[in-house]
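Colleague: CSV, C-alpha atoms, saved as final-v7.csv, coming up:
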chain,number,residue,atom,x,y,z
F,1,MET,CA,24.5,157.6,150.7
F,2,ASN,CA,24.7,155.8,154.0
F,3,LYS,CA,26.9,152.9,154.8
F,4,ILE,CA,24.0,150.3,154.5
F,5,ASN,CA,23.1,151.5,151.0
F,6,LYS,CA,26.8,151.3,150.0
F,7,LEU,CA,27.0,147.7,151.2
F,8,LEU,CA,23.7,146.8,149.4
F,9,TYR,CA,25.0,148.3,146.1
F,10,THR,CA,28.3,146.5,146.5
F,11,ALA,CA,26.6,143.2,147.2
F,12,LEU,CA,24.3,143.8,144.2
F,13,GLY,CA,27.3,144.5,142.0
F,14,VAL,CA,29.0,141.3,143.1
F,15,VAL,CA,25.9,139.3,142.3
F,16,ILE,CA,25.5,140.9,138.9
F,17,ALA,CA,29.1,140.3,138.1
F,18,VAL,CA,28.9,136.6,139.1
F,19,LEU,CA,25.8,136.1,137.1
F,20,PHE,CA,27.4,137.8,134.1
F,21,LEU,CA,30.5,135.6,134.3
F,22,GLY,CA,28.2,132.6,134.6
F,23,ILE,CA,26.4,133.5,131.5
F,24,ILE,CA,29.6,134.1,129.6
F,25,TYR,CA,31.1,130.7,130.8
F,26,LYS,CA,28.0,128.8,129.8
F,27,TYR,CA,27.2,130.4,126.5
F,28,THR,CA,30.5,131.6,125.0
F,29,ASP,CA,33.9,130.1,124.2
F,30,LEU,CA,35.8,132.5,126.5
F,31,PHE,CA,36.8,129.9,129.1
F,32,LYS,CA,36.9,126.9,126.7
F,33,GLY,CA,40.0,124.9,127.6
F,34,SER,CA,40.6,127.0,130.8
F,35,THR,CA,41.2,125.9,134.3
F,36,ILE,CA,40.1,128.0,137.3
F,37,ASN,CA,42.5,127.7,140.3
F,38,ASN,CA,42.7,129.3,143.7
F,39,TYR,CA,46.2,130.5,144.8
F,40,SER,CA,46.5,132.2,148.2
F,41,GLY,CA,42.8,133.2,148.1
F,42,LYS,CA,43.0,134.6,144.6
F,43,THR,CA,41.2,133.1,141.6
F,44,ILE,CA,43.4,132.8,138.5
F,45,ILE,CA,42.0,131.6,135.2
F,46,GLU,CA,44.6,129.6,133.3
F,47,LYS,CA,43.7,129.8,129.6
F,48,GLY,CA,44.4,126.7,127.6
F,49,SER,CA,45.3,124.2,130.3
F,50,ILE,CA,45.6,120.7,129.0
F,51,SER,CA,45.7,118.9,132.4
F,52,GLU,CA,42.5,117.1,131.8
F,53,ALA,CA,43.6,115.8,128.4
F,54,VAL,CA,46.9,114.7,129.9
F,55,LYS,CA,45.1,112.8,132.7
F,56,LYS,CA,43.0,111.1,130.0
F,57,SER,CA,46.0,109.8,128.0
F,58,LYS,CA,49.1,109.5,130.3
F,59,ASP,CA,48.4,106.0,131.7
F,60,ALA,CA,48.4,104.6,128.1
F,61,VAL,CA,52.0,105.9,127.6
F,62,VAL,CA,55.0,103.7,128.5
F,63,MET,CA,58.7,104.1,128.6
F,64,ILE,CA,60.7,101.6,126.5
F,65,ARG,CA,64.1,100.3,127.6
F,66,GLY,CA,65.9,98.2,125.0
F,67,TYR,CA,68.7,95.8,125.9
F,68,LYS,CA,71.4,94.1,124.0
F,69,GLY,CA,72.4,91.3,126.4
F,70,SER,CA,72.4,92.8,129.9
F,71,THR,CA,73.3,96.3,128.7
F,72,GLU,CA,70.6,99.0,128.1
F,73,SER,CA,71.2,100.1,124.5
F,74,SER,CA,68.3,102.4,123.8
F,75,THR,CA,65.3,104.2,125.4
F,76,GLY,CA,62.1,105.5,123.9
F,77,THR,CA,58.4,105.8,124.3
F,78,GLY,CA,55.4,103.9,123.2
F,79,PHE,CA,51.6,103.8,123.8
F,80,VAL,CA,49.0,101.1,124.2
F,81,TYR,CA,46.7,101.4,121.2
F,82,LYS,CA,44.4,98.4,121.8
F,83,THR,CA,43.8,95.3,124.0
F,84,ASP,CA,42.2,91.9,123.4
F,85,ASP,CA,41.2,89.2,125.8
F,86,LEU,CA,44.7,88.3,126.7
F,87,TYR,CA,47.1,91.1,125.6
F,88,GLY,CA,47.8,94.8,125.3
F,89,TYR,CA,49.4,96.1,122.1
F,90,ILE,CA,52.0,98.9,122.2
F,91,MET,CA,53.1,101.0,119.2
F,92,THR,CA,56.6,102.6,119.0
F,93,ASN,CA,59.3,103.4,116.5
F,94,GLU,CA,61.4,100.6,114.9
F,95,HIS,CA,64.6,102.4,115.6
F,96,VAL,CA,63.9,102.3,119.3
F,97,ILE,CA,64.0,98.5,119.5
F,98,ASN,CA,66.2,97.8,116.5
F,99,GLY,CA,68.7,95.0,117.4
F,100,CYS,CA,67.4,94.6,121.0
F,101,SER,CA,67.4,91.1,122.5
F,102,LYS,CA,65.1,92.2,125.4
F,103,ILE,CA,62.5,95.0,125.7
F,104,VAL,CA,61.3,96.2,129.1
F,105,LEU,CA,58.3,98.5,129.4
F,106,VAL,CA,58.0,101.0,132.3
F,107,MET,CA,54.3,101.6,132.9
F,108,SER,CA,52.8,104.9,134.2
F,109,ASP,CA,52.9,103.6,137.8
F,110,ASP,CA,56.6,102.7,137.4
F,111,SER,CA,55.9,98.9,137.3
F,112,GLU,CA,58.0,97.1,134.7
F,113,VAL,CA,57.0,94.3,132.4
F,114,THR,CA,59.0,92.5,129.6
F,115,GLY,CA,57.4,92.8,126.2
F,116,LYS,CA,57.4,90.6,123.2
F,117,LEU,CA,58.2,92.1,119.8
F,118,LEU,CA,55.6,91.0,117.3
F,119,GLY,CA,56.7,92.9,114.2
F,120,SER,CA,58.6,95.9,112.9
F,121,ASP,CA,59.6,97.7,109.7
F,122,GLU,CA,62.4,100.1,109.2
F,123,TYR,CA,60.8,102.1,106.3
F,124,LEU,CA,57.6,102.6,108.3
F,125,ASP,CA,59.8,103.2,111.5
F,126,LEU,CA,57.1,101.4,113.4
F,127,ALA,CA,57.1,98.4,115.7
F,128,VAL,CA,54.4,96.5,117.7
F,129,ILE,CA,55.1,95.1,121.2
F,130,ARG,CA,52.8,92.8,123.2
F,131,ILE,CA,52.4,92.6,126.9
F,132,PRO,CA,49.9,90.7,129.2
F,133,LYS,CA,46.6,92.6,129.4
F,134,ALA,CA,46.8,92.5,133.2
F,135,ASN,CA,49.8,95.0,133.0
F,136,VAL,CA,47.9,97.5,130.9
F,137,LYS,CA,46.9,100.7,132.8
F,138,SER,CA,44.9,102.4,130.1
F,139,VAL,CA,44.3,102.4,126.3
F,140,ALA,CA,44.9,105.4,124.2
F,141,ILE,CA,42.1,106.8,122.1
F,142,ILE,CA,43.1,106.7,118.4
F,143,SER,CA,41.9,109.6,116.3
F,144,THR,CA,43.2,111.0,112.9
F,145,SER,CA,45.4,113.9,111.8
F,146,GLU,CA,43.3,114.4,108.7
F,147,ASN,CA,40.9,116.8,110.4
F,148,MET,CA,43.7,118.8,112.1
F,149,GLU,CA,44.5,122.3,110.8
F,150,VAL,CA,47.8,124.1,111.0
F,151,GLY,CA,47.8,126.1,114.2
F,152,ASP,CA,45.8,123.6,116.2
F,153,GLY,CA,47.1,122.8,119.6
F,154,ILE,CA,48.9,119.5,120.2
F,155,PHE,CA,51.0,117.9,123.0
F,156,THR,CA,53.2,114.9,123.5
F,157,ILE,CA,54.0,112.6,126.4
F,158,GLY,CA,57.3,110.8,126.5
F,159,SER,CA,60.6,110.0,128.2
F,160,PRO,CA,63.2,112.5,126.9
F,161,LEU,CA,66.7,111.7,128.0
F,162,GLY,CA,65.7,108.4,129.7
F,163,TYR,CA,64.2,107.2,132.9
F,164,GLU,CA,64.6,110.3,135.0
F,165,TYR,CA,62.3,112.4,132.8
F,166,ARG,CA,59.7,109.7,132.0
F,167,GLY,CA,56.1,111.0,131.6
F,168,SER,CA,57.2,114.5,130.5
F,169,VAL,CA,54.6,116.6,128.7
F,170,THR,CA,55.4,119.2,126.1
F,171,SER,CA,52.9,121.2,124.1
F,172,GLY,CA,52.7,123.4,121.0
F,173,ILE,CA,50.9,123.7,117.7
F,174,LEU,CA,50.7,121.7,114.5
F,175,SER,CA,53.2,123.7,112.4
F,176,GLY,CA,52.7,121.9,109.1
F,177,LYS,CA,51.1,118.9,107.3
F,178,ASP,CA,52.3,116.7,104.5
F,179,ARG,CA,56.0,117.6,105.0
F,180,LEU,CA,58.3,115.4,102.9
F,181,VAL,CA,61.4,114.5,105.0
F,182,SER,CA,64.4,112.5,103.9
F,183,VAL,CA,65.4,109.7,106.3
F,184,SER,CA,68.0,106.9,106.4
F,185,VAL,CA,67.2,103.4,107.4
F,186,GLY,CA,69.4,100.9,109.4
F,187,ASN,CA,73.0,102.0,109.5
F,188,SER,CA,72.8,103.8,106.2
F,189,THR,CA,74.6,107.2,105.9
F,190,THR,CA,72.5,108.3,102.9
F,191,ASN,CA,68.9,109.4,102.5
F,192,ASP,CA,67.1,106.1,101.6
F,193,TYR,CA,63.5,107.1,101.8
F,194,ILE,CA,61.0,110.0,102.0
F,195,MET,CA,58.4,110.1,104.7
F,196,LYS,CA,55.3,112.3,104.6
F,197,VAL,CA,55.0,113.6,108.2
F,198,LEU,CA,53.4,116.2,110.5
F,199,GLN,CA,55.6,119.1,111.7
F,200,ILE,CA,55.2,120.3,115.2
F,201,ASP,CA,57.0,122.8,117.5
F,202,ALA,CA,56.6,120.9,120.7
F,203,ALA,CA,59.9,119.9,122.2
F,204,ILE,CA,61.0,116.4,121.2
F,205,ASN,CA,64.3,115.0,122.4
F,206,PRO,CA,66.0,111.6,122.4
F,207,GLY,CA,63.7,109.3,124.3
F,208,ASN,CA,60.5,110.8,122.9
F,209,SER,CA,60.7,108.6,119.8
F,210,GLY,CA,57.7,106.4,119.5
F,211,GLY,CA,55.5,108.4,121.8
F,212,PRO,CA,52.1,109.7,120.9
F,213,LEU,CA,51.3,113.0,119.4
F,214,LEU,CA,47.9,114.1,120.8
F,215,ASN,CA,45.3,116.6,120.0
F,216,MET,CA,43.7,118.8,122.8
F,217,ASN,CA,41.2,116.1,123.5
F,218,GLY,CA,43.9,113.7,124.5
F,219,GLU,CA,43.5,111.6,121.3
F,220,VAL,CA,46.4,110.2,119.3
F,221,ILE,CA,46.9,111.8,115.9
F,222,GLY,CA,50.6,110.8,115.3
F,223,VAL,CA,53.7,108.8,116.4
F,224,ASN,CA,56.7,111.0,117.2
F,225,SER,CA,59.5,109.7,115.0
F,226,MET,CA,62.4,112.1,114.5
F,227,LYS,CA,63.8,115.5,115.0
F,228,LEU,CA,66.0,117.9,113.0
F,229,VAL,CA,69.2,117.9,114.9
F,230,GLU,CA,71.2,120.5,113.1
F,231,GLU,CA,72.6,123.0,115.6
F,232,GLU,CA,71.0,126.0,113.9
F,233,VAL,CA,67.5,124.4,113.9
F,234,GLU,CA,65.1,124.6,116.8
F,235,GLY,CA,61.5,123.8,117.4
F,236,MET,CA,61.0,121.4,114.5
F,237,GLY,CA,59.8,118.0,115.4
F,238,PHE,CA,58.0,115.4,113.2
F,239,ALA,CA,55.4,112.7,113.7
F,240,ILE,CA,54.0,109.9,111.5
F,241,PRO,CA,50.3,110.5,110.9
F,242,ILE,CA,48.4,107.9,113.0
F,243,GLU,CA,46.1,106.9,110.1
F,244,TYR,CA,49.2,105.9,108.0
F,245,ALA,CA,50.5,103.8,110.9
F,246,MET,CA,47.2,102.1,111.4
F,247,LYS,CA,47.0,101.0,107.7
F,248,HIS,CA,50.0,98.7,108.4
F,249,ILE,CA,49.3,97.7,112.0
F,250,ASP,CA,47.6,94.3,111.2
F,251,SER,CA,50.7,93.1,109.3
F,252,LEU,CA,53.0,94.2,112.2
F,253,GLU,CA,50.8,92.5,114.8
F,254,GLN,CA,51.0,89.3,112.8
F,255,GLY,CA,54.8,89.5,112.4
F,256,LYS,CA,54.4,89.7,108.6
F,257,GLU,CA,57.2,91.3,106.6
F,258,ILE,CA,55.8,94.4,104.8
F,259,GLU,CA,55.8,93.7,101.1
F,260,TRP,CA,57.4,96.8,99.5
F,261,PRO,CA,57.1,96.8,95.7
F,262,VAL,CA,60.2,96.9,93.5
F,263,MET,CA,60.9,97.5,89.8
F,264,GLY,CA,63.8,95.1,89.6
F,265,ILE,CA,66.7,97.4,89.0
F,266,SER,CA,69.9,98.3,90.8
F,267,MET,CA,70.3,102.1,90.8
F,268,LEU,CA,72.3,105.2,91.7
F,269,ASN,CA,71.5,108.9,92.0
F,270,VAL,CA,72.5,111.1,89.1
F,271,THR,CA,74.8,112.9,91.6
F,272,ASP,CA,76.7,109.8,92.5
F,273,THR,CA,79.3,110.5,89.8
F,274,THR,CA,82.1,108.5,91.3
F,275,TYR,CA,80.0,105.3,91.6
F,276,LEU,CA,78.5,105.9,88.1
F,277,TYR,CA,82.0,106.1,86.7
F,278,ARG,CA,83.0,102.8,88.3
F,279,ASN,CA,80.0,101.3,86.6
F,280,ALA,CA,81.0,102.7,83.2
F,281,ILE,CA,78.1,105.2,83.2
F,282,GLU,CA,78.6,108.9,82.3
F,283,ILE,CA,75.9,111.5,82.4
F,284,THR,CA,76.6,113.9,79.4
F,285,ASP,CA,73.2,115.6,78.9
F,286,GLY,CA,73.4,117.9,82.0
F,287,THR,CA,70.7,116.2,83.9
F,288,LYS,CA,70.9,117.2,87.6
F,289,ASN,CA,68.1,115.1,89.2
F,290,GLY,CA,66.9,111.6,88.7
F,291,VAL,CA,67.8,107.9,89.3
F,292,VAL,CA,70.2,106.1,87.0
F,293,VAL,CA,69.6,102.4,86.1
F,294,VAL,CA,72.8,100.6,86.8
F,295,LYS,CA,71.5,97.1,86.0
F,296,VAL,CA,68.1,95.5,85.0
F,297,LEU,CA,67.6,92.3,86.9
F,298,ASN,CA,66.7,89.2,84.8
F,299,GLY,CA,63.1,88.1,85.1
F,300,SER,CA,62.0,91.3,86.9
F,301,GLY,CA,59.2,93.7,86.0
F,302,ALA,CA,61.8,96.1,84.6
F,303,SER,CA,63.3,93.4,82.4
F,304,LYS,CA,59.9,93.3,80.6
F,305,SER,CA,60.0,97.1,80.0
F,306,ASP,CA,62.2,99.3,77.8
F,307,LEU,CA,64.5,100.3,80.6
F,308,LYS,CA,68.3,99.7,80.0
F,309,LYS,CA,71.5,100.4,81.8
F,310,GLY,CA,72.3,104.1,81.8
F,311,ASP,CA,68.7,105.3,81.6
F,312,ILE,CA,67.8,108.2,83.9
F,313,ILE,CA,64.4,107.8,85.6
F,314,THR,CA,62.8,111.2,86.1
F,315,LYS,CA,59.1,110.5,86.9
F,316,ILE,CA,56.8,107.7,88.1
F,317,ASN,CA,53.2,108.2,87.0
F,318,ASN,CA,54.1,111.8,86.2
F,319,GLU,CA,55.4,112.5,89.8
F,320,LYS,CA,59.0,113.8,89.8
F,321,VAL,CA,61.7,111.6,91.0
F,322,ASN,CA,64.7,113.6,92.3
F,323,ASN,CA,66.7,110.7,93.7
F,324,ILE,CA,66.4,107.2,95.1
F,325,ALA,CA,64.6,108.3,98.2
F,326,TYR,CA,61.9,110.0,96.1
F,327,LEU,CA,61.7,107.0,93.8
F,328,ARG,CA,61.0,104.7,96.8
F,329,TYR,CA,58.5,107.2,98.2
F,330,GLU,CA,56.5,107.1,94.9
F,331,LEU,CA,56.9,103.3,94.5
F,332,TYR,CA,55.6,102.6,98.0
F,333,LYS,CA,52.3,104.2,97.2
F,334,TYR,CA,51.5,101.1,95.1
F,335,LYS,CA,51.1,97.4,95.7
F,336,VAL,CA,52.9,94.4,94.4
F,337,GLY,CA,51.3,93.6,91.0
F,338,ASP,CA,50.4,97.2,90.1
F,339,THR,CA,51.7,98.6,86.8
F,340,ILE,CA,53.3,102.0,86.8
F,341,GLU,CA,54.4,104.4,84.0
F,342,VAL,CA,58.1,105.3,84.2
F,343,THR,CA,59.4,108.4,82.4
F,344,TYR,CA,63.1,108.2,81.6
F,345,LYS,CA,65.8,109.9,79.6
F,346,ARG,CA,68.2,108.2,77.2
F,347,ASN,CA,70.8,110.2,75.3
F,348,GLY,CA,69.0,113.4,76.2
F,349,LYS,CA,65.6,112.1,74.8
F,350,GLU,CA,62.6,111.5,77.1
F,351,SER,CA,60.6,108.4,76.7
F,352,LYS,CA,58.0,106.4,78.7
F,353,THR,CA,57.5,102.7,79.5
F,354,LYS,CA,55.4,100.5,81.7
F,355,VAL,CA,56.7,98.4,84.6
F,356,THR,CA,54.8,95.8,86.7
F,357,LEU,CA,55.9,95.9,90.3
F,358,GLU,CA,57.1,92.8,92.1
F,359,ARG,CA,57.9,91.8,95.7
F,360,SER,CA,61.1,93.1,97.3
As a first step, turn the structure in this file into structure tokens.
Modeller:
Amino acid sequence: MNKINKLLYTALGVVIAVLFLGIIYKYTDLFKGSTINNYSGKTIIEKGSISEAVKKSKDAVVMIRGYKGSTESSTGTGFVYKTDDLYGYIMTNEHVINGCSKIVLVMSDDSEVTGKLLGSDEYLDLAVIRIPKANVKSVAIISTSENMEVGDGIFTIGSPLGYEYRGSVTSGILSGKDRLVSVSVGNSTTNDYIMKVLQIDAAINPGNSGGPLLNMNGEVIGVNSMKLVEEEVEGMGFAIPIEYAMKHIDSLEQGKEIEWPVMGISMLNVTDTTYLYRNAIEITDGTKNGVVVVKVLNGSGASKSDLKKGDIITKINNEKVNNIAYLRYELYKYKVGDTIEVTYKRNGKESKTKVTLERS
């Protein structure tokens, strides 16, 4: 075979290869989510690049600097979730701005604007901040976590460790859904509440709180809220599902206090033996889990039920109540005015009663 024929066959082979790759690219998922880059004359296919999704969402993300007086007391992340004719509205975590007298937002172009806190709630761990619309660079696309499956790709944008690392992107997968995580509120040292959250393995550090959790289309599916900080635990972060946050957003925008329902009792955990003893209550039937009624408040919903001091609440509408955090989790599924069925133990015997919930 002469040199000309070899060149012709080589050229024909290159053409066929290019056509073949073109067909694969157009009609298969092989390159879906890939970026083709040229480095030193070589073509490298980067499978799974999220650069386009990051570009779509990064300008909606802001760094939050909270001040007490003239001193910066906290940093976090937030994102613009909507605008109207005059303002842009930013969602973040309540613990990021708790106790702050001034809130400064650092936009994606490093410009700064002072925000106004409209409303917040410590049990939701959510807050809404308002800024002039002219300062908004972009608005995030709000999606839902309900259609996400464990193993789906996710990423976050935030300000871990403060100003120097603002705009950091981390990625991973959705590691779990409907995780029940115990949290404390305010300055409490106990677990006050249970949150149902998304579990992720993307790196989240102090300063990421309040930032968006995004799917691979660059759409918000959650609000990063906390991280397991035990030394032996790595790669476990958590986010509030965005659909849960959006259910309460109108109240927060209007500065309304969230009406959490209550039964009308003071209570302790079964395991709080010292405090139970101080209240002249002793658990003698071997019960290990539950909430003990310490006092029934006069005129409350509980006062119209069969509950008495010393009763151990074990279920609400047949859902187990292990402690006070779980009791609040179950209660907060309902609204003020709803009537619930409470299962309780008295002297080792199980009974049920109805309680109409009231405002906290």
Colleague: Applying 8 Å and all atoms listed in the file, which residues near F:Ala203 remain after dropping the ones on its own chain fewer than 3 positions away? List them as a ChimeraX atom specification.
Modeller: /F:170-171,235-237
Colleague: Point out the residue among F:Asp121, F:Glu52, F:Asp85, F:Glu330 with the least atom-to-atom distance to F:Glu253, counting only C-alpha atoms.
Modeller: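 Closest to F:Glu253, using only C-alpha atoms: F:Asp121.
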Colleague: What is the atom CA of F:Leu327-atom CA of F:Ile97 distance in Å, reported with one decimal?
Modeller: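 Here the two named atoms are 27.2 Å from each other.
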Colleague: Let me have the centre and edge lengths in Å, one decimal, of the box along x, y and z around every listed atom of stretch 253-256 of chain F with 8 Å of margin on each side, as lines of an AutoDock Vina configuration file.
Modeller:
center_x = 52.8
center_y = 90.9
center_z = 111.7
size_x = 20.0
size_y = 19.2
size_z = 22.2
Colleague: To one decimal place, how far is atom CA of F:Lys315 from atom CA of F:Tyr344 in Å?
Modeller: 7.0 Å
Colleague: Around the point (59.5, 104.7, 122.2), in the coordinates given by the file, pick out the residues reaching within 6 Å, counting only C-alpha atoms, and return them as a compact mmCIF listing (two decimals) with C-alpha atoms, keeping the file's coordinate frame.
Modeller:
# COMPACT_ATOMS: atom_id res chain seq x y z
CA ILE F 64 60.70 101.60 126.50
CA GLY F 76 62.10 105.50 123.90
CA THR F 77 58.40 105.80 124.30
CA GLY F 78 55.40 103.90 123.20
CA THR F 92 56.60 102.60 119.00
CA ASN F 93 59.30 103.40 116.50
CA VAL F 96 63.90 102.30 119.30
CA SER F 209 60.70 108.60 119.80
CA GLY F 210 57.70 106.40 119.50
CA GLY F 211 55.50 108.40 121.80
Colleague: Residues near F:Ile173, anyone? I mean within 10 Å using all atoms listed in the file, not counting same-chain ones fewer than 5 positions away, as a list in words.
Modeller: Glu149, Val150, Gly151, Asp152, Gly153, Ile154, Phe155, Gln199, Ile200, Asp201, Ala202 and Asn215 of chain F
Colleague: Nearest to F:Ser74: which of F:Ile103, F:Ile240, F:Leu297, F:Leu124 is it, counting all atoms listed in the file?
Modeller: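 Counting all atoms listed in the file, the residue closest to F:Ser74 is F:Ile103.
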Colleague: List as a PyMOL selection string: which residues have an atom within 10 Å of (48.6, 112.4, 122.2), counting all atoms listed in the file?
Modeller: chain F and resi 53-54+56-58+60-61+79+140-143+154-158+169+171+211-224
Colleague: Show me, as a ChimeraX atom specification, the residues that have an atom within 9 Å of F:Lys116 when counting all atoms listed in the file, minus same-chain residues fewer than 6 positions from it.
Modeller: /F:102-103,128-131
Colleague: Write out as a list in words the residues lying within 8 Å of F:Val80, counting all atoms listed in the file and excluding same-chain residues fewer than 4 positions away.
Modeller: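 Near neighbours after the sequence-gap exclusion: Ala60, Val61, Val62, Gly88, Tyr89, Ile90, Met91, Val136, Ser138, Val139 and Ala140 of chain F.
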Colleague: Quick check, in Å to one decimal: how far apart do atom CA of F:Glu282 and atom CA of F:Glu358 lie?
Modeller: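 Straight-line distance from atom CA of F:Glu282 to atom CA of F:Glu358 works out to 28.6 Å.
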Colleague: Considering only C-alpha atoms, can you say which of F:Tyr332, F:Phe238, F:Tyr163, F:Tyr277 comes closest to F:Asp110?
Modeller: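 Between F:Tyr332, F:Phe238, F:Tyr163, F:Tyr277, the residue approaching F:Asp110 most closely is F:Tyr163.
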Colleague: Counting all atoms listed in the file, figure out which residue out of F:Glu350, F:Asp285, F:Asp178, F:Glu72 gets nearest to F:Met148.
Modeller: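 Selected residue with least distance to F:Met148: F:Asp178.
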Colleague: Name the closest residue to F:Thr114 among the candidates F:Lys55, F:Arg65, F:Lys247, F:Lys82; distances are taken between atoms, counting all atoms listed in the file.
Modeller: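 Looking at the shortest contact to F:Thr114, the residue is F:Arg65.
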